[in-house]
>>> print(open('start.txt').read())   # compact mmCIF, N, CA and C atoms
# COMPACT_ATOMS: atom_id res chain seq x y z
N ILE A 1 -10.51 -3.01 17.38
CA ILE A 1 -9.15 -3.51 17.51
C ILE A 1 -8.95 -4.63 16.50
N GLY A 2 -7.84 -4.54 15.76
CA GLY A 2 -7.52 -5.59 14.81
C GLY A 2 -8.24 -5.47 13.47
N THR A 3 -8.93 -4.36 13.21
CA THR A 3 -9.60 -4.19 11.92
C THR A 3 -8.92 -3.08 11.14
N THR A 4 -9.02 -3.18 9.82
CA THR A 4 -8.45 -2.17 8.94
C THR A 4 -9.59 -1.36 8.34
N LEU A 5 -9.49 -0.06 8.39
CA LEU A 5 -10.50 0.80 7.80
C LEU A 5 -10.39 0.74 6.28
N PRO A 6 -11.51 0.84 5.57
CA PRO A 6 -11.45 0.85 4.11
C PRO A 6 -10.58 2.00 3.62
N GLY A 7 -9.82 1.75 2.57
CA GLY A 7 -8.98 2.79 2.01
C GLY A 7 -7.89 2.24 1.12
N PHE A 8 -6.90 3.06 0.89
CA PHE A 8 -5.79 2.72 0.01
C PHE A 8 -4.46 2.87 0.73
N GLU A 9 -3.48 2.19 0.23
CA GLU A 9 -2.10 2.37 0.68
C GLU A 9 -1.21 2.20 -0.53
N VAL A 10 -0.22 3.06 -0.66
CA VAL A 10 0.76 2.96 -1.73
C VAL A 10 2.13 2.86 -1.08
N TYR A 11 2.91 1.85 -1.49
CA TYR A 11 4.26 1.73 -0.95
C TYR A 11 5.18 1.15 -2.00
N PRO A 12 6.47 1.38 -1.93
CA PRO A 12 7.13 2.26 -0.96
C PRO A 12 6.87 3.72 -1.32
N THR A 13 6.97 4.61 -0.35
CA THR A 13 6.82 6.04 -0.65
C THR A 13 8.16 6.64 -1.07
N TRP A 14 9.26 5.97 -0.77
CA TRP A 14 10.59 6.33 -1.26
C TRP A 14 10.98 5.25 -2.25
N VAL A 15 10.78 5.50 -3.54
CA VAL A 15 10.93 4.49 -4.58
C VAL A 15 12.36 4.48 -5.10
N ILE A 16 12.98 3.30 -5.08
CA ILE A 16 14.32 3.15 -5.63
C ILE A 16 14.26 2.46 -6.99
N GLY A 17 13.40 1.47 -7.14
CA GLY A 17 13.26 0.74 -8.40
C GLY A 17 12.22 1.37 -9.30
N ARG A 18 11.47 0.51 -10.02
CA ARG A 18 10.45 0.99 -10.96
C ARG A 18 9.06 0.49 -10.61
N SER A 19 8.87 -0.04 -9.40
CA SER A 19 7.61 -0.66 -9.07
C SER A 19 7.01 -0.10 -7.79
N LEU A 20 5.68 0.09 -7.80
CA LEU A 20 4.92 0.50 -6.63
C LEU A 20 3.90 -0.60 -6.34
N THR A 21 3.50 -0.72 -5.10
CA THR A 21 2.39 -1.60 -4.75
C THR A 21 1.23 -0.74 -4.30
N VAL A 22 0.07 -0.98 -4.90
CA VAL A 22 -1.16 -0.27 -4.55
C VAL A 22 -2.04 -1.28 -3.81
N VAL A 23 -2.37 -0.98 -2.56
CA VAL A 23 -3.19 -1.87 -1.74
C VAL A 23 -4.57 -1.25 -1.57
N LEU A 24 -5.59 -2.02 -1.90
CA LEU A 24 -6.98 -1.61 -1.69
C LEU A 24 -7.48 -2.39 -0.49
N ASN A 25 -7.88 -1.69 0.56
CA ASN A 25 -8.30 -2.32 1.82
C ASN A 25 -9.80 -2.20 2.02
N GLY A 26 -10.49 -3.32 1.98
CA GLY A 26 -11.91 -3.35 2.31
C GLY A 26 -12.79 -2.49 1.43
N LEU A 27 -12.44 -2.37 0.16
CA LEU A 27 -13.21 -1.50 -0.74
C LEU A 27 -14.23 -2.29 -1.55
N SER A 28 -15.23 -1.57 -2.03
CA SER A 28 -16.28 -2.17 -2.85
C SER A 28 -15.74 -2.66 -4.18
N ARG A 29 -16.41 -3.64 -4.72
CA ARG A 29 -16.10 -4.13 -6.06
C ARG A 29 -16.28 -2.98 -7.05
N GLY A 30 -15.35 -2.88 -8.01
CA GLY A 30 -15.51 -1.84 -9.01
C GLY A 30 -14.22 -1.46 -9.69
N ARG A 31 -14.28 -0.36 -10.42
CA ARG A 31 -13.17 0.14 -11.23
C ARG A 31 -12.49 1.28 -10.48
N TYR A 32 -11.18 1.15 -10.31
CA TYR A 32 -10.38 2.17 -9.64
C TYR A 32 -9.28 2.62 -10.59
N GLU A 33 -9.17 3.92 -10.80
CA GLU A 33 -8.17 4.48 -11.70
C GLU A 33 -6.99 4.99 -10.88
N VAL A 34 -5.80 4.55 -11.26
CA VAL A 34 -4.57 4.96 -10.57
C VAL A 34 -3.77 5.82 -11.54
N THR A 35 -3.45 7.05 -11.12
CA THR A 35 -2.75 7.99 -11.98
C THR A 35 -1.48 8.49 -11.28
N LEU A 36 -0.36 8.45 -11.99
CA LEU A 36 0.89 9.02 -11.51
C LEU A 36 1.02 10.41 -12.10
N LEU A 37 1.17 11.41 -11.23
CA LEU A 37 1.23 12.81 -11.65
C LEU A 37 2.54 13.47 -11.23
N SER A 38 3.01 14.40 -12.05
CA SER A 38 4.11 15.25 -11.62
C SER A 38 3.56 16.25 -10.62
N VAL A 39 4.43 16.96 -9.91
CA VAL A 39 3.95 17.96 -8.95
C VAL A 39 3.23 19.12 -9.66
N ASN A 40 3.41 19.24 -10.99
CA ASN A 40 2.72 20.27 -11.79
C ASN A 40 1.38 19.77 -12.32
N GLY A 41 1.02 18.52 -12.00
CA GLY A 41 -0.25 17.97 -12.45
C GLY A 41 -0.22 17.25 -13.78
N GLN A 42 0.96 17.10 -14.38
CA GLN A 42 1.08 16.39 -15.66
C GLN A 42 0.88 14.89 -15.43
N ILE A 43 0.02 14.27 -16.24
CA ILE A 43 -0.22 12.83 -16.13
C ILE A 43 0.95 12.09 -16.76
N LEU A 44 1.60 11.25 -15.97
CA LEU A 44 2.76 10.50 -16.44
C LEU A 44 2.41 9.04 -16.74
N LYS A 45 1.42 8.52 -16.03
CA LYS A 45 0.96 7.15 -16.26
C LYS A 45 -0.42 7.00 -15.66
N ARG A 46 -1.25 6.23 -16.34
CA ARG A 46 -2.60 5.96 -15.83
C ARG A 46 -2.89 4.48 -16.06
N THR A 47 -3.45 3.85 -15.05
CA THR A 47 -3.83 2.45 -15.15
C THR A 47 -5.15 2.24 -14.41
N VAL A 48 -5.84 1.17 -14.75
CA VAL A 48 -7.12 0.87 -14.13
C VAL A 48 -7.03 -0.48 -13.42
N ILE A 49 -7.56 -0.51 -12.20
CA ILE A 49 -7.65 -1.76 -11.44
C ILE A 49 -9.12 -2.15 -11.39
N GLN A 50 -9.43 -3.35 -11.87
CA GLN A 50 -10.78 -3.91 -11.73
C GLN A 50 -10.76 -4.72 -10.43
N HIS A 51 -11.32 -4.14 -9.38
CA HIS A 51 -11.23 -4.71 -8.04
C HIS A 51 -12.46 -5.59 -7.77
N ASN A 52 -12.23 -6.78 -7.23
CA ASN A 52 -13.30 -7.73 -6.95
C ASN A 52 -13.96 -7.50 -5.60
N GLY A 53 -13.52 -6.49 -4.88
CA GLY A 53 -14.07 -6.20 -3.55
C GLY A 53 -13.16 -6.76 -2.47
N GLY A 54 -13.28 -6.24 -1.26
CA GLY A 54 -12.43 -6.69 -0.16
C GLY A 54 -11.07 -6.03 -0.22
N SER A 55 -10.04 -6.82 0.02
CA SER A 55 -8.68 -6.29 0.03
C SER A 55 -7.82 -7.01 -1.00
N ALA A 56 -6.94 -6.25 -1.65
CA ALA A 56 -6.05 -6.81 -2.67
C ALA A 56 -4.87 -5.87 -2.88
N ALA A 57 -3.78 -6.42 -3.40
CA ALA A 57 -2.59 -5.63 -3.72
C ALA A 57 -2.30 -5.78 -5.21
N GLU A 58 -1.97 -4.67 -5.86
CA GLU A 58 -1.66 -4.65 -7.29
C GLU A 58 -0.32 -3.95 -7.49
N GLN A 59 0.47 -4.44 -8.43
CA GLN A 59 1.74 -3.82 -8.77
C GLN A 59 1.52 -2.77 -9.86
N MET A 60 2.24 -1.66 -9.77
CA MET A 60 2.21 -0.62 -10.80
C MET A 60 3.65 -0.33 -11.19
N GLU A 61 3.96 -0.51 -12.47
CA GLU A 61 5.29 -0.20 -12.98
C GLU A 61 5.37 1.29 -13.31
N LEU A 62 6.44 1.92 -12.90
CA LEU A 62 6.67 3.33 -13.21
C LEU A 62 7.28 3.45 -14.59
N PRO A 63 7.13 4.60 -15.26
CA PRO A 63 7.75 4.79 -16.57
C PRO A 63 9.26 4.57 -16.49
N ALA A 64 9.82 3.97 -17.53
CA ALA A 64 11.24 3.58 -17.56
C ALA A 64 12.19 4.75 -17.34
N LEU A 65 11.89 5.89 -17.90
CA LEU A 65 12.81 7.03 -17.82
C LEU A 65 12.36 8.08 -16.81
N LEU A 66 11.60 7.67 -15.81
CA LEU A 66 11.12 8.61 -14.79
C LEU A 66 12.31 9.12 -13.97
N PRO A 67 12.56 10.44 -14.02
CA PRO A 67 13.69 10.98 -13.27
C PRO A 67 13.42 11.03 -11.77
N ALA A 68 14.48 11.17 -10.99
CA ALA A 68 14.34 11.34 -9.55
C ALA A 68 13.51 12.58 -9.28
N GLY A 69 12.68 12.53 -8.24
CA GLY A 69 11.86 13.68 -7.90
C GLY A 69 10.64 13.28 -7.10
N THR A 70 9.77 14.25 -6.87
CA THR A 70 8.55 14.06 -6.10
C THR A 70 7.37 13.93 -7.06
N TYR A 71 6.50 12.98 -6.78
CA TYR A 71 5.34 12.69 -7.62
C TYR A 71 4.12 12.44 -6.73
N MET A 72 2.95 12.48 -7.34
CA MET A 72 1.71 12.19 -6.63
C MET A 72 1.05 10.98 -7.27
N VAL A 73 0.53 10.08 -6.43
CA VAL A 73 -0.27 8.95 -6.91
C VAL A 73 -1.71 9.26 -6.51
N HIS A 74 -2.57 9.33 -7.51
CA HIS A 74 -3.99 9.66 -7.32
C HIS A 74 -4.80 8.40 -7.64
N ILE A 75 -5.64 7.98 -6.72
CA ILE A 75 -6.47 6.80 -6.91
C ILE A 75 -7.92 7.23 -6.70
N GLU A 76 -8.77 6.85 -7.66
CA GLU A 76 -10.17 7.27 -7.56
C GLU A 76 -11.08 6.19 -8.15
N GLY A 77 -12.21 5.98 -7.48
CA GLY A 77 -13.21 5.06 -7.99
C GLY A 77 -14.26 4.74 -6.95
N GLU A 78 -15.43 4.36 -7.41
CA GLU A 78 -16.53 3.94 -6.54
C GLU A 78 -16.79 4.92 -5.40
N GLY A 79 -16.69 6.21 -5.72
CA GLY A 79 -17.03 7.25 -4.76
C GLY A 79 -15.94 7.60 -3.75
N VAL A 80 -14.73 7.06 -3.92
CA VAL A 80 -13.63 7.40 -3.02
C VAL A 80 -12.46 7.96 -3.81
N ARG A 81 -11.65 8.76 -3.13
CA ARG A 81 -10.47 9.38 -3.75
C ARG A 81 -9.34 9.39 -2.73
N PHE A 82 -8.12 9.15 -3.20
CA PHE A 82 -6.95 9.09 -2.34
C PHE A 82 -5.78 9.67 -3.11
N ILE A 83 -4.96 10.47 -2.44
CA ILE A 83 -3.75 11.03 -3.06
C ILE A 83 -2.59 10.81 -2.09
N GLN A 84 -1.48 10.29 -2.61
CA GLN A 84 -0.30 10.09 -1.78
C GLN A 84 0.95 10.55 -2.53
N LYS A 85 1.82 11.21 -1.82
CA LYS A 85 3.10 11.66 -2.39
C LYS A 85 4.09 10.51 -2.34
N ILE A 86 4.88 10.38 -3.41
CA ILE A 86 6.00 9.44 -3.43
C ILE A 86 7.24 10.20 -3.88
N VAL A 87 8.40 9.68 -3.54
CA VAL A 87 9.66 10.27 -3.97
C VAL A 87 10.45 9.21 -4.70
N LYS A 88 10.82 9.50 -5.95
CA LYS A 88 11.63 8.60 -6.76
C LYS A 88 13.09 8.96 -6.54
N LYS A 89 13.88 8.00 -6.08
CA LYS A 89 15.31 8.23 -5.81
C LYS A 89 16.12 8.02 -7.07
>>> encode(input="start.txt", output="structure tokens")
Amino acid sequence: IGTTLPGFEVYPTWVIGRSLTVVLNGLSRGRYEVTLLSVNGQILKRTVIQHNGGSAAEQMELPALLPAGTYMVHIEGEGVRFIQKIVKK
């Protein structure tokens, strides 16, 4: 009770602006790659987070001309992988 399991969170999942927050919860120190993909698997943006361990939040700017639609955020590093769908309004 009152503990957070190690993992990732991406918000908002319904994006109105150009910014996402990527939260790393209780993860090991290391390099985590964050990739924004189209539903067809095309890489639209890739960034790397050098995580100091524990929990932290990082901002990710979306491409300026990203049209409205459905996208996938893929996060991978230090033996873990996470995929979350987002919708750009």
>>> residues_around(input="start.txt", residues="Lys88 of chain A", least_positions_apart="5", cutoff="6 Å", atoms="all atoms listed in the file", output="tab-separated table (two decimals) with N, CA and C atoms, in the frame of the given file")
chain	number	residue	atom	x	y	z
A	14	TRP	N	9.26	5.97	-0.77
A	14	TRP	CA	10.59	6.33	-1.26
A	14	TRP	C	10.98	5.25	-2.25
A	15	VAL	N	10.78	5.50	-3.54
A	15	VAL	CA	10.93	4.49	-4.58
A	15	VAL	C	12.36	4.48	-5.10
A	16	ILE	N	12.98	3.30	-5.08
A	16	ILE	CA	14.32	3.15	-5.63
A	16	ILE	C	14.26	2.46	-6.99
A	67	PRO	N	12.56	10.44	-14.02
A	67	PRO	CA	13.69	10.98	-13.27
A	67	PRO	C	13.42	11.03	-11.77
A	68	ALA	N	14.48	11.17	-10.99
A	68	ALA	CA	14.34	11.34	-9.55
A	68	ALA	C	13.51	12.58	-9.28
A	69	GLY	N	12.68	12.53	-8.24
A	69	GLY	CA	11.86	13.68	-7.90
A	69	GLY	C	10.64	13.28	-7.10
A	70	THR	N	9.77	14.25	-6.87
A	70	THR	CA	8.55	14.06	-6.10
A	70	THR	C	7.37	13.93	-7.06
A	71	TYR	N	6.50	12.98	-6.78
A	71	TYR	CA	5.34	12.69	-7.62
A	71	TYR	C	4.12	12.44	-6.73
>>> axis_aligned_box(input="start.txt", around="segment 31-49 of chain A", padding_each_side="4 Å", output="JSON")
{"center_x": -4.9, "center_y": 9.1, "center_z": -12.9, "size_x": 26.7, "size_y": 30.4, "size_z": 15.8}
>>> closest_residue(input="start.txt", among="A:Glu61, A:Thr35, A:Leu44, A:Gln50", to="Ser19 of chain A", atoms="only C-alpha atoms")
A:Glu61
>>> atom_distance(input="start.txt", atom1="atom C of His74 of chain A", atom2="atom C of Ser28 of chain A")
15.9 Å
>>> atom_distance(input="start.txt", atom1="atom CA of Ala57 of chain A", atom2="atom CA of Ile43 of chain A")
22.4 Å
>>> atom_distance(input="start.txt", atom1="atom CA of Lys89 of chain A", atom2="atom N of Ile49 of chain A")
25.3 Å
>>> residues_around(input="start.txt", residues="Lys85 of chain A", least_positions_apart="2", cutoff="7 Å", atoms="all atoms listed in the file", output="compact mmCIF listing (two decimals) with N, CA and C atoms, keeping the file's coordinate frame")
# COMPACT_ATOMS: atom_id res chain seq x y z
N THR A 13 6.97 4.61 -0.35
CA THR A 13 6.82 6.04 -0.65
C THR A 13 8.16 6.64 -1.07
N THR A 70 9.77 14.25 -6.87
CA THR A 70 8.55 14.06 -6.10
C THR A 70 7.37 13.93 -7.06
N TYR A 71 6.50 12.98 -6.78
CA TYR A 71 5.34 12.69 -7.62
C TYR A 71 4.12 12.44 -6.73
N MET A 72 2.95 12.48 -7.34
CA MET A 72 1.71 12.19 -6.63
C MET A 72 1.05 10.98 -7.27
N VAL A 73 0.53 10.08 -6.43
CA VAL A 73 -0.27 8.95 -6.91
C VAL A 73 -1.71 9.26 -6.51
N ILE A 83 -4.96 10.47 -2.44
CA ILE A 83 -3.75 11.03 -3.06
C ILE A 83 -2.59 10.81 -2.09
N VAL A 87 8.40 9.68 -3.54
CA VAL A 87 9.66 10.27 -3.97
C VAL A 87 10.45 9.21 -4.70
>>> select_by_dssp(input="start.txt", residues="chain A", states="strand (DSSP E)", output="PyMOL selection string")
chain A and resi 7-11+14-15+19-27+30-38+43-51+54-61+69-77+80-88
>>> closest_residue(input="start.txt", among="A:Gly41, A:Val22, A:Gly53, A:Leu65", to="Glu78 of chain A", atoms="only C-alpha atoms")
A:Gly53
>>> closest_residue(input="start.txt", among="A:Tyr11, A:Val48, A:Gln84, A:Glu58", to="Glu33 of chain A", atoms="all atoms listed in the file")
A:Val48
>>> closest_residue(input="start.txt", among="A:Leu20, A:Ala56, A:Ile75, A:Val10", to="Val34 of chain A", atoms="only N, CA and C atoms")
A:Ile75
>>> decode(input="start.txt", residues="segment 11-46 of chain A", atoms="C-alpha atoms", output="PDB file, in the first residue's frame")
ATOM      1  CA  TYR A  11       0.914  11.898 -20.138  1.00  0.00           C
ATOM      2  CA  PRO A  12      -1.226  13.438 -21.385  1.00  0.00           C
ATOM      3  CA  THR A  13      -2.494  10.619 -23.600  1.00  0.00           C
ATOM      4  CA  TRP A  14      -4.786  13.127 -25.369  1.00  0.00           C
ATOM      5  CA  VAL A  15      -2.260  15.747 -26.494  1.00  0.00           C
ATOM      6  CA  ILE A  16      -3.463  19.244 -27.355  1.00  0.00           C
ATOM      7  CA  GLY A  17      -0.132  21.123 -27.303  1.00  0.00           C
ATOM      8  CA  ARG A  18       3.357  20.016 -28.335  1.00  0.00           C
ATOM      9  CA  SER A  19       4.653  18.564 -25.082  1.00  0.00           C
ATOM     10  CA  LEU A  20       4.532  15.163 -23.367  1.00  0.00           C
ATOM     11  CA  THR A  21       5.766  14.224 -19.917  1.00  0.00           C
ATOM     12  CA  VAL A  22       7.627  10.930 -19.573  1.00  0.00           C
ATOM     13  CA  VAL A  23       7.749   9.660 -15.980  1.00  0.00           C
ATOM     14  CA  LEU A  24      10.236   6.976 -14.953  1.00  0.00           C
ATOM     15  CA  ASN A  25       9.118   5.333 -11.692  1.00  0.00           C
ATOM     16  CA  GLY A  26      11.631   3.460  -9.560  1.00  0.00           C
ATOM     17  CA  LEU A  27      13.860   2.460 -12.464  1.00  0.00           C
ATOM     18  CA  SER A  28      17.557   1.624 -12.507  1.00  0.00           C
ATOM     19  CA  ARG A  29      20.154   4.186 -13.425  1.00  0.00           C
ATOM     20  CA  GLY A  30      20.881   4.097 -17.139  1.00  0.00           C
ATOM     21  CA  ARG A  31      20.037   5.112 -20.687  1.00  0.00           C
ATOM     22  CA  TYR A  32      16.407   5.035 -21.820  1.00  0.00           C
ATOM     23  CA  GLU A  33      15.438   5.691 -25.440  1.00  0.00           C
ATOM     24  CA  VAL A  34      12.082   7.345 -26.098  1.00  0.00           C
ATOM     25  CA  THR A  35      10.713   7.036 -29.640  1.00  0.00           C
ATOM     26  CA  LEU A  36       7.567   8.583 -31.125  1.00  0.00           C
ATOM     27  CA  LEU A  37       6.144   6.340 -33.857  1.00  0.00           C
ATOM     28  CA  SER A  38       3.320   6.609 -36.357  1.00  0.00           C
ATOM     29  CA  VAL A  39       0.797   3.754 -36.304  1.00  0.00           C
ATOM     30  CA  ASN A  40       2.685   2.423 -39.385  1.00  0.00           C
ATOM     31  CA  GLY A  41       5.926   2.220 -37.388  1.00  0.00           C
ATOM     32  CA  GLN A  42       7.619   5.284 -38.918  1.00  0.00           C
ATOM     33  CA  ILE A  43      10.016   6.959 -36.465  1.00  0.00           C
ATOM     34  CA  LEU A  44       8.954  10.581 -36.033  1.00  0.00           C
ATOM     35  CA  LYS A  45      11.209  11.557 -33.123  1.00  0.00           C
ATOM     36  CA  ARG A  46      13.774   9.847 -30.945  1.00  0.00           C
TER      37      ARG A  46
END
